[in-house]
Amino acid sequence: MHNGAFYTGIYPNLFEEIGITKEEVDKRIEKTFHTMFFDPEERIYFEKGETLGYMLDTGNNDARTEGMSYGMMMAVQMDRKDIFDRLWLFSKTYMYQSSGKFKGYFAWSVSTEGKKNAEGPAPDGEEYFAMALFFASKRWGDGKEPFDYDKQAREILKHCLHQDEYVSEGSPMWNPANYYIKFVPDAEFSDPSYHLPHFYELFAIRAAEEDREFWKKATEASRNYIKLSCHPLTGMAPEYAEYDGTPKRLFHDGQFYSDAYRVAMNIGLEAAWFGEDDSLGECVCRLQTFFSEHTKLLEYHNYLLDGRALDQPALHPVAIVAANAAGSLATKGKYHLQWVKDFWDMPLRRGERRYYDNCLYFFSLLMLAGKYRIY
């Protein structure tokens with residue numbers, strides 16, 4: 001069971017299995033990072049003044065905790081403390097809530113000038129902030145506040161679990177009865193792509209001592225929840241789901257929609273790090289099979305979980321390929337290496353919708369190269 005990199009120190013490299021050399025992979029990673037962070041036309045990272053930086057959601061023209069925390073994770077993986085610190089300082093300066101019922105949380109969307117577009121948080125931002133900060137602490141050591149990364153990560157997680165104890169009218173981000181992460185703190189339903197059991201395994205070691213047992217339980221609960229929410233035939237997970245795993249309609253009819261693409265990628269990283277659960281790999285195998293046998297590459301729609309295509313093209317087709325390919329880390333199914341090949345042959349997305357696709361692209365690139373490391 002314990003055959004993941006956490007136990008062995010060995011990170012699988014699936015590009016090697018399709019004959020791509022280490023030099024080619026390293027070059028692709030550097031080039032992709034440079035494009036996303038520094039290319040004048042295609043970047044999504046922008047510096048602000050002497051000390052701040054933000055990740056731009058190019059489709060919505062704002063900065064989101066999702067993108068900010070993703071950028072921090074990319075920076076720590078690429079050993080770019082300068083970029084990491086700029087992103088973290090922007091997040092603390094403009095997104096962090098210092099009063100009210102969201103005190104200790106981060107507003108999920110702000111303008112590029114730092115004006116809050118919303119007060120409430122999105123829990124996937126908080127969990128990525130915490131993990132990126134823990135990794136930064138291990139990789140670079142802790143500095144003065146707010147660069148005391150370890151302490152900052154623990155504070156975030158304390159609020160995530162105990163907001164109702166800290167703040168009047170506050171709601172925690174995890175449901176204390178079933179250990180599931182919520183879509184937003186005040187909502188009693190979830191988003192399967194927020195479930196990151198491979199992060200919770202590490203939180204169970206690094207979070208405040210009194211919460212470690214909770215994180216152990218959340219790890220198992222989330223593994224089970226992902227299986228519960230994935231369709232038994234297509235392997236698709238819904239974008240939003242009730243606690244029993246059934247799809248929840250929120251903003252549109254699509255069920256396998258943008259957020260949900262990340263589930264396959266999350267399963268892949270979990271397998272690479274902890275190698276825990278073959279039945280999660282079966283979800284990916286079903287998903288890859290559905291797409292390989294019923295769709296054309298990059299010609300995707302929004303879908304119902306049973307695979308019925310809605311009359312709407314997918315907003316983020318590149319993200320689907322990237323995430324499905326990363327899922328290959330969890331399965332040896334018939335199509336798993338074909339997805340890796342198709343991903344390798346696919347360029348970064350260009351144009352106004354590039355932010356989400358390219359974030360998933362870069363994460364998947366690191367995962368498949370064995371370069372998305374635990375620090």
# chains A, B, ... in the order shown; residues from 1 in each chain; ligands from 1
call {"tool": "residues_around", "arguments": {"residues": "range 72-75 of chain A", "least_positions_apart": "3", "cutoff": "6 Å", "atoms": "only C-alpha atoms", "output": "MDAnalysis selection string"}}
result
chainID A and resid 69 78:80 84 132
call {"tool": "select_by_dssp", "arguments": {"residues": "range 119-226 of chain A", "states": "helix (DSSP H, G or I)", "output": "ChimeraX atom specification"}}
result
/A:123-140,149-166,192-194,197-206,209-226
call {"tool": "select_by_dssp", "arguments": {"residues": "range 78-248 of chain A", "states": "strand (DSSP E or B)", "output": "list in words"}}
result
Tyr96, Phe106, Ser109, Val110, Lys116, Trp174, Ile181, Ser190, Ala241 and Pro247 of chain A
call {"tool": "write_last_selection", "arguments": {"atoms": "N, CA, C and O atoms", "output": "PDB file, in the first residue's frame"}}
result
ATOM      1  N   TYR A  96      -6.789  39.213   2.981  1.00  0.00           N
ATOM      2  CA  TYR A  96      -6.961  38.754   4.366  1.00  0.00           C
ATOM      3  C   TYR A  96      -8.019  39.592   5.082  1.00  0.00           C
ATOM      4  O   TYR A  96      -8.048  40.824   4.965  1.00  0.00           O
ATOM      5  N   PHE A 106      -9.689  34.610   3.859  1.00  0.00           N
ATOM      6  CA  PHE A 106      -9.265  35.478   2.755  1.00  0.00           C
ATOM      7  C   PHE A 106     -10.440  35.683   1.797  1.00  0.00           C
ATOM      8  O   PHE A 106     -11.081  34.706   1.387  1.00  0.00           O
ATOM      9  N   SER A 109     -12.098  36.931  -4.016  1.00  0.00           N
ATOM     10  CA  SER A 109     -11.836  37.684  -5.253  1.00  0.00           C
ATOM     11  C   SER A 109     -11.580  39.149  -4.935  1.00  0.00           C
ATOM     12  O   SER A 109     -12.339  39.775  -4.195  1.00  0.00           O
ATOM     13  N   VAL A 110     -10.496  39.687  -5.501  1.00  0.00           N
ATOM     14  CA  VAL A 110     -10.232  41.131  -5.391  1.00  0.00           C
ATOM     15  C   VAL A 110      -9.845  41.651  -6.771  1.00  0.00           C
ATOM     16  O   VAL A 110      -9.410  40.890  -7.640  1.00  0.00           O
ATOM     17  N   LYS A 116     -11.760  44.494  -2.642  1.00  0.00           N
ATOM     18  CA  LYS A 116     -12.491  43.224  -2.508  1.00  0.00           C
ATOM     19  C   LYS A 116     -13.755  43.219  -3.371  1.00  0.00           C
ATOM     20  O   LYS A 116     -14.574  44.125  -3.290  1.00  0.00           O
ATOM     21  N   TRP A 174     -14.792  23.204   7.247  1.00  0.00           N
ATOM     22  CA  TRP A 174     -15.025  21.752   7.219  1.00  0.00           C
ATOM     23  C   TRP A 174     -16.229  21.450   8.104  1.00  0.00           C
ATOM     24  O   TRP A 174     -16.405  22.065   9.158  1.00  0.00           O
ATOM     25  N   ILE A 181     -14.897  19.044   3.450  1.00  0.00           N
ATOM     26  CA  ILE A 181     -14.722  20.457   3.137  1.00  0.00           C
ATOM     27  C   ILE A 181     -16.012  20.964   2.471  1.00  0.00           C
ATOM     28  O   ILE A 181     -16.647  20.239   1.701  1.00  0.00           O
ATOM     29  N   SER A 190     -20.776  20.399  -0.823  1.00  0.00           N
ATOM     30  CA  SER A 190     -19.341  20.377  -1.086  1.00  0.00           C
ATOM     31  C   SER A 190     -19.031  20.564  -2.567  1.00  0.00           C
ATOM     32  O   SER A 190     -19.917  20.746  -3.397  1.00  0.00           O
ATOM     33  N   ALA A 241     -21.612  19.111  -5.167  1.00  0.00           N
ATOM     34  CA  ALA A 241     -22.329  17.896  -4.778  1.00  0.00           C
ATOM     35  C   ALA A 241     -22.818  17.978  -3.344  1.00  0.00           C
ATOM     36  O   ALA A 241     -22.206  18.634  -2.490  1.00  0.00           O
ATOM     37  N   PRO A 247     -25.025  15.130  -7.489  1.00  0.00           N
ATOM     38  CA  PRO A 247     -24.746  16.458  -8.046  1.00  0.00           C
ATOM     39  C   PRO A 247     -25.726  17.502  -7.528  1.00  0.00           C
ATOM     40  O   PRO A 247     -26.898  17.206  -7.311  1.00  0.00           O
TER      41      PRO A 247
END
call {"tool": "residues_around", "arguments": {"residues": "range 14-31 of chain A", "least_positions_apart": "6", "cutoff": "12 Å", "atoms": "only C-alpha atoms", "output": "JSON, numbers by chain"}}
result
{"A": [37, 38, 39, 42, 43, 74, 77, 78, 79, 268, 272, 325, 326, 327, 328, 329, 330, 331, 332, 336, 337, 338, 339, 340, 341, 342, 343, 344, 345, 346, 347, 348, 361, 362, 363, 364, 365, 366, 367, 368, 369, 370, 371, 372]}
call {"tool": "write_last_selection", "arguments": {"atoms": "N, CA and C atoms", "output": "CSV table (one decimal), in the first residue's frame"}}
result
chain,number,residue,atom,x,y,z
A,37,PHE,N,4.8,33.3,-16.2
A,37,PHE,CA,5.1,34.3,-15.3
A,37,PHE,C,5.8,35.5,-15.9
A,38,PHE,N,6.4,35.4,-17.1
A,38,PHE,CA,7.2,36.5,-17.6
A,38,PHE,C,6.9,36.9,-19.0
A,39,ASP,N,6.3,36.1,-19.8
A,39,ASP,CA,6.1,36.4,-21.2
A,39,ASP,C,5.2,37.7,-21.3
A,42,GLU,N,1.7,36.5,-22.8
A,42,GLU,CA,0.9,35.3,-22.3
A,42,GLU,C,1.0,35.1,-20.8
A,43,ARG,N,1.7,35.9,-20.0
A,43,ARG,CA,1.8,35.7,-18.6
A,43,ARG,C,0.5,35.9,-17.9
A,74,MET,N,3.2,26.9,-7.2
A,74,MET,CA,4.2,26.9,-8.3
A,74,MET,C,5.5,27.5,-7.9
A,77,GLN,N,7.5,25.1,-5.7
A,77,GLN,CA,8.0,24.0,-6.4
A,77,GLN,C,9.2,24.4,-7.3
A,78,MET,N,9.2,25.6,-7.8
A,78,MET,CA,10.2,26.1,-8.7
A,78,MET,C,11.4,26.8,-8.0
A,79,ASP,N,11.3,26.8,-6.7
A,79,ASP,CA,12.3,27.5,-5.9
A,79,ASP,C,12.4,29.0,-6.2
A,268,GLY,N,-4.4,11.8,-9.2
A,268,GLY,CA,-3.1,11.5,-9.7
A,268,GLY,C,-2.0,11.9,-8.7
A,272,ALA,N,0.7,9.6,-6.6
A,272,ALA,CA,2.1,9.8,-6.7
A,272,ALA,C,2.8,10.0,-5.3
A,325,ALA,N,-4.6,13.7,-18.0
A,325,ALA,CA,-3.3,13.1,-18.1
A,325,ALA,C,-2.6,12.9,-16.8
A,326,ALA,N,-2.8,13.9,-15.9
A,326,ALA,CA,-2.2,13.8,-14.6
A,326,ALA,C,-2.8,12.6,-13.8
A,327,GLY,N,-4.1,12.3,-14.1
A,327,GLY,CA,-4.8,11.2,-13.5
A,327,GLY,C,-4.1,9.9,-13.8
A,328,SER,N,-3.3,9.8,-14.9
A,328,SER,CA,-2.6,8.6,-15.3
A,328,SER,C,-1.6,8.1,-14.2
A,329,LEU,N,-1.2,9.0,-13.3
A,329,LEU,CA,-0.4,8.6,-12.2
A,329,LEU,C,-1.1,7.6,-11.3
A,330,ALA,N,-2.4,7.5,-11.4
A,330,ALA,CA,-3.2,6.6,-10.5
A,330,ALA,C,-3.8,5.4,-11.2
A,331,THR,N,-3.5,5.3,-12.5
A,331,THR,CA,-4.1,4.1,-13.2
A,331,THR,C,-3.1,3.6,-14.3
A,332,LYS,N,-3.3,2.3,-14.5
A,332,LYS,CA,-2.5,1.7,-15.6
A,332,LYS,C,-3.5,1.3,-16.7
A,336,HIS,N,-4.0,5.1,-20.5
A,336,HIS,CA,-3.3,6.1,-19.6
A,336,HIS,C,-2.1,6.7,-20.2
A,337,LEU,N,-1.3,6.0,-21.0
A,337,LEU,CA,-0.2,6.6,-21.6
A,337,LEU,C,-0.5,7.5,-22.8
A,338,GLN,N,-1.6,7.2,-23.5
A,338,GLN,CA,-2.1,8.0,-24.6
A,338,GLN,C,-2.4,9.4,-24.1
A,339,TRP,N,-3.0,9.5,-22.9
A,339,TRP,CA,-3.3,10.8,-22.4
A,339,TRP,C,-2.1,11.6,-22.1
A,340,VAL,N,-1.0,10.9,-21.6
A,340,VAL,CA,0.2,11.6,-21.3
A,340,VAL,C,0.8,12.1,-22.6
A,341,LYS,N,0.8,11.3,-23.7
A,341,LYS,CA,1.3,11.7,-25.0
A,341,LYS,C,0.5,12.9,-25.5
A,342,ASP,N,-0.8,12.8,-25.5
A,342,ASP,CA,-1.6,13.9,-26.0
A,342,ASP,C,-1.4,15.2,-25.2
A,343,PHE,N,-1.2,15.1,-23.9
A,343,PHE,CA,-0.8,16.2,-23.1
A,343,PHE,C,0.5,16.8,-23.5
A,344,TRP,N,1.5,15.9,-23.7
A,344,TRP,CA,2.9,16.4,-24.0
A,344,TRP,C,2.8,17.2,-25.4
A,345,ASP,N,2.0,16.7,-26.3
A,345,ASP,CA,1.9,17.3,-27.6
A,345,ASP,C,1.1,18.6,-27.7
A,346,MET,N,0.5,18.9,-26.5
A,346,MET,CA,-0.5,20.1,-26.5
A,346,MET,C,0.2,21.3,-26.0
A,347,PRO,N,0.1,22.4,-26.7
A,347,PRO,CA,0.7,23.7,-26.2
A,347,PRO,C,-0.1,24.3,-25.1
A,348,LEU,N,0.5,25.3,-24.4
A,348,LEU,CA,-0.3,26.1,-23.4
A,348,LEU,C,-1.4,26.8,-24.2
A,361,TYR,N,-2.4,23.0,-16.5
A,361,TYR,CA,-1.4,22.5,-17.4
A,361,TYR,C,0.0,22.4,-16.6
A,362,PHE,N,0.3,23.5,-15.9
A,362,PHE,CA,1.6,23.5,-15.3
A,362,PHE,C,1.7,22.5,-14.1
A,363,PHE,N,0.6,22.4,-13.3
A,363,PHE,CA,0.6,21.4,-12.3
A,363,PHE,C,0.7,20.0,-12.8
A,364,SER,N,0.0,19.8,-13.9
A,364,SER,CA,0.0,18.4,-14.5
A,364,SER,C,1.4,18.1,-15.1
A,365,LEU,N,2.0,19.1,-15.7
A,365,LEU,CA,3.4,19.0,-16.2
A,365,LEU,C,4.4,18.6,-15.1
A,366,LEU,N,4.3,19.3,-13.9
A,366,LEU,CA,5.2,18.9,-12.8
A,366,LEU,C,4.9,17.5,-12.3
A,367,MET,N,3.6,17.2,-12.1
A,367,MET,CA,3.2,15.9,-11.6
A,367,MET,C,3.7,14.8,-12.4
A,368,LEU,N,3.5,14.9,-13.8
A,368,LEU,CA,3.9,13.8,-14.7
A,368,LEU,C,5.4,13.7,-14.8
A,369,ALA,N,6.1,14.8,-14.5
A,369,ALA,CA,7.6,14.7,-14.6
A,369,ALA,C,8.2,14.3,-13.3
A,370,GLY,N,7.3,14.0,-12.3
A,370,GLY,CA,7.9,13.7,-10.9
A,370,GLY,C,8.5,14.8,-10.2
A,371,LYS,N,8.1,16.1,-10.6
A,371,LYS,CA,8.7,17.3,-10.0
A,371,LYS,C,7.8,18.0,-9.1
A,372,TYR,N,6.6,17.5,-8.8
A,372,TYR,CA,5.7,18.1,-7.8
A,372,TYR,C,6.0,17.5,-6.5
call {"tool": "atom_distance", "arguments": {"atom1": "CA of Val284 in chain A", "atom2": "CA of Asn324 in chain A"}}
result
7.3 Å
call {"tool": "residues_around", "arguments": {"residues": "Glu41 in chain A", "least_positions_apart": "3", "cutoff": "10 Å", "atoms": "only C-alpha atoms", "output": "JSON, numbers by chain"}}
result
{"A": [35, 36, 38, 44, 350, 351]}
call {"tool": "write_last_selection", "arguments": {"atoms": "C-alpha atoms", "output": "CSV table (one decimal), in the first residue's frame"}}
result
chain,number,residue,atom,x,y,z
A,35,THR,CA,5.6,31.9,-20.4
A,36,MET,CA,3.2,31.9,-17.5
A,38,PHE,CA,7.2,36.5,-17.6
A,44,ILE,CA,-0.8,35.5,-15.8
A,350,ARG,CA,-3.5,31.4,-25.4
A,351,GLY,CA,-5.9,34.2,-25.1
call {"tool": "residues_around", "arguments": {"residues": "Leu250 in chain A", "least_positions_apart": "2", "cutoff": "12 Å", "atoms": "only C-alpha atoms", "output": "VMD selection string"}}
result
chain A and resid 183 187 189 to 191 238 to 242 247 to 248 252 to 255 257
call {"tool": "write_last_selection", "arguments": {"atoms": "N, CA and C atoms", "output": "short mmCIF file (atom, residue, chain, number, x, y, z; two decimals), in the first residue's frame"}}
result
data_model
loop_
_atom_site.label_atom_id
_atom_site.label_comp_id
_atom_site.auth_asym_id
_atom_site.auth_seq_id
_atom_site.Cartn_x
_atom_site.Cartn_y
_atom_site.Cartn_z
N PHE A 183 -18.31 23.89 0.20
CA PHE A 183 -18.12 24.76 -0.96
C PHE A 183 -17.78 26.18 -0.49
N ALA A 187 -22.28 27.08 3.63
CA ALA A 187 -23.09 26.15 2.83
C ALA A 187 -22.89 24.71 3.30
N PHE A 189 -22.96 21.91 1.63
CA PHE A 189 -22.70 20.98 0.53
C PHE A 189 -21.25 21.18 0.12
N SER A 190 -20.78 20.40 -0.82
CA SER A 190 -19.34 20.38 -1.09
C SER A 190 -19.03 20.56 -2.57
N ASP A 191 -17.75 20.53 -2.87
CA ASP A 191 -17.23 20.60 -4.23
C ASP A 191 -16.18 19.49 -4.29
N PRO A 238 -19.07 15.55 -10.16
CA PRO A 238 -19.82 16.78 -10.36
C PRO A 238 -19.06 18.01 -9.86
N GLU A 239 -19.39 19.15 -10.43
CA GLU A 239 -18.76 20.39 -9.97
C GLU A 239 -19.13 20.69 -8.52
N TYR A 240 -20.40 20.56 -8.18
CA TYR A 240 -20.87 20.74 -6.80
C TYR A 240 -21.67 19.51 -6.43
N ALA A 241 -21.61 19.11 -5.17
CA ALA A 241 -22.33 17.90 -4.78
C ALA A 241 -22.82 17.98 -3.34
N GLU A 242 -23.93 17.29 -3.10
CA GLU A 242 -24.45 17.14 -1.75
C GLU A 242 -23.49 16.25 -0.96
N PRO A 247 -25.02 15.13 -7.49
CA PRO A 247 -24.75 16.46 -8.05
C PRO A 247 -25.73 17.50 -7.53
N LYS A 248 -25.21 18.70 -7.34
CA LYS A 248 -26.06 19.82 -6.92
C LYS A 248 -26.05 20.88 -8.03
N HIS A 252 -25.51 26.59 -13.19
CA HIS A 252 -25.73 26.17 -14.58
C HIS A 252 -26.11 24.69 -14.57
N ASP A 253 -26.52 24.18 -15.72
CA ASP A 253 -26.96 22.78 -15.80
C ASP A 253 -25.80 21.79 -15.87
N GLY A 254 -24.64 22.27 -16.34
CA GLY A 254 -23.50 21.36 -16.48
C GLY A 254 -23.12 20.75 -15.14
N GLN A 255 -22.83 19.47 -15.13
CA GLN A 255 -22.40 18.80 -13.90
C GLN A 255 -20.90 18.54 -13.95
N TYR A 257 -18.12 20.07 -15.06
CA TYR A 257 -17.89 21.45 -15.46
C TYR A 257 -16.55 21.86 -14.87
#
call {"tool": "closest_residue", "arguments": {"among": "A:Val184, A:Asp85, A:Val167, A:Met55", "to": "Ser137 in chain A", "atoms": "only C-alpha atoms"}}
result
A:Asp85
call {"tool": "atom_distance", "arguments": {"atom1": "CA of Phe134 in chain A", "atom2": "CA of Phe90 in chain A"}}
result
18.1 Å
call {"tool": "closest_residue", "arguments": {"among": "A:His316, A:Arg154, A:Lys144, A:His198", "to": "Trp273 in chain A", "atoms": "only C-alpha atoms"}}
result
A:His198
call {"tool": "closest_residue", "arguments": {"among": "A:Gly71, A:Pro12, A:Gly125, A:Pro192", "to": "Tyr180 in chain A", "atoms": "only C-alpha atoms"}}
result
A:Pro192
call {"tool": "atom_distance", "arguments": {"atom1": "CA of Met95 in chain A", "atom2": "CA of Lys138 in chain A"}}
result
24.5 Å
call {"tool": "closest_atom_pairs", "arguments": {"of": "range 269-334 of chain A", "to": "range 356-359 of chain A", "cutoff": "9 Å", "atoms": "only C-alpha atoms", "output": "Markdown table"}}
result
| residue | atom | partner | partner_atom | distance |
| --- | --- | --- | --- | --- |
| A:His316 | CA | A:Asp357 | CA | 5.8 |
| A:Pro317 | CA | A:Asp357 | CA | 7.5 |
| A:Val318 | CA | A:Asp357 | CA | 5.5 |
| A:Ala319 | CA | A:Asp357 | CA | 4.3 |
| A:Ile320 | CA | A:Asp357 | CA | 8.1 |
| A:Ala322 | CA | A:Asp357 | CA | 8.0 |
call {"tool": "write_last_selection", "arguments": {"atoms": "C-alpha atoms", "output": "mmCIF file, in the first residue's frame"}}
result
data_model
loop_
_atom_site.group_PDB
_atom_site.id
_atom_site.type_symbol
_atom_site.label_atom_id
_atom_site.label_comp_id
_atom_site.auth_asym_id
_atom_site.auth_seq_id
_atom_site.Cartn_x
_atom_site.Cartn_y
_atom_site.Cartn_z
ATOM 1 C CA HIS A 316 -11.523 24.979 -20.543
ATOM 2 C CA PRO A 317 -10.722 22.103 -22.941
ATOM 3 C CA VAL A 318 -6.960 22.275 -22.297
ATOM 4 C CA ALA A 319 -7.656 21.817 -18.571
ATOM 5 C CA ILE A 320 -9.552 18.580 -19.303
ATOM 6 C CA ALA A 322 -4.084 18.238 -18.568
#
call {"tool": "closest_residue", "arguments": {"among": "A:His301, A:Lys103, A:Lys217, A:Arg354", "to": "Gly59 in chain A", "atoms": "only C-alpha atoms"}}
result
A:Arg354
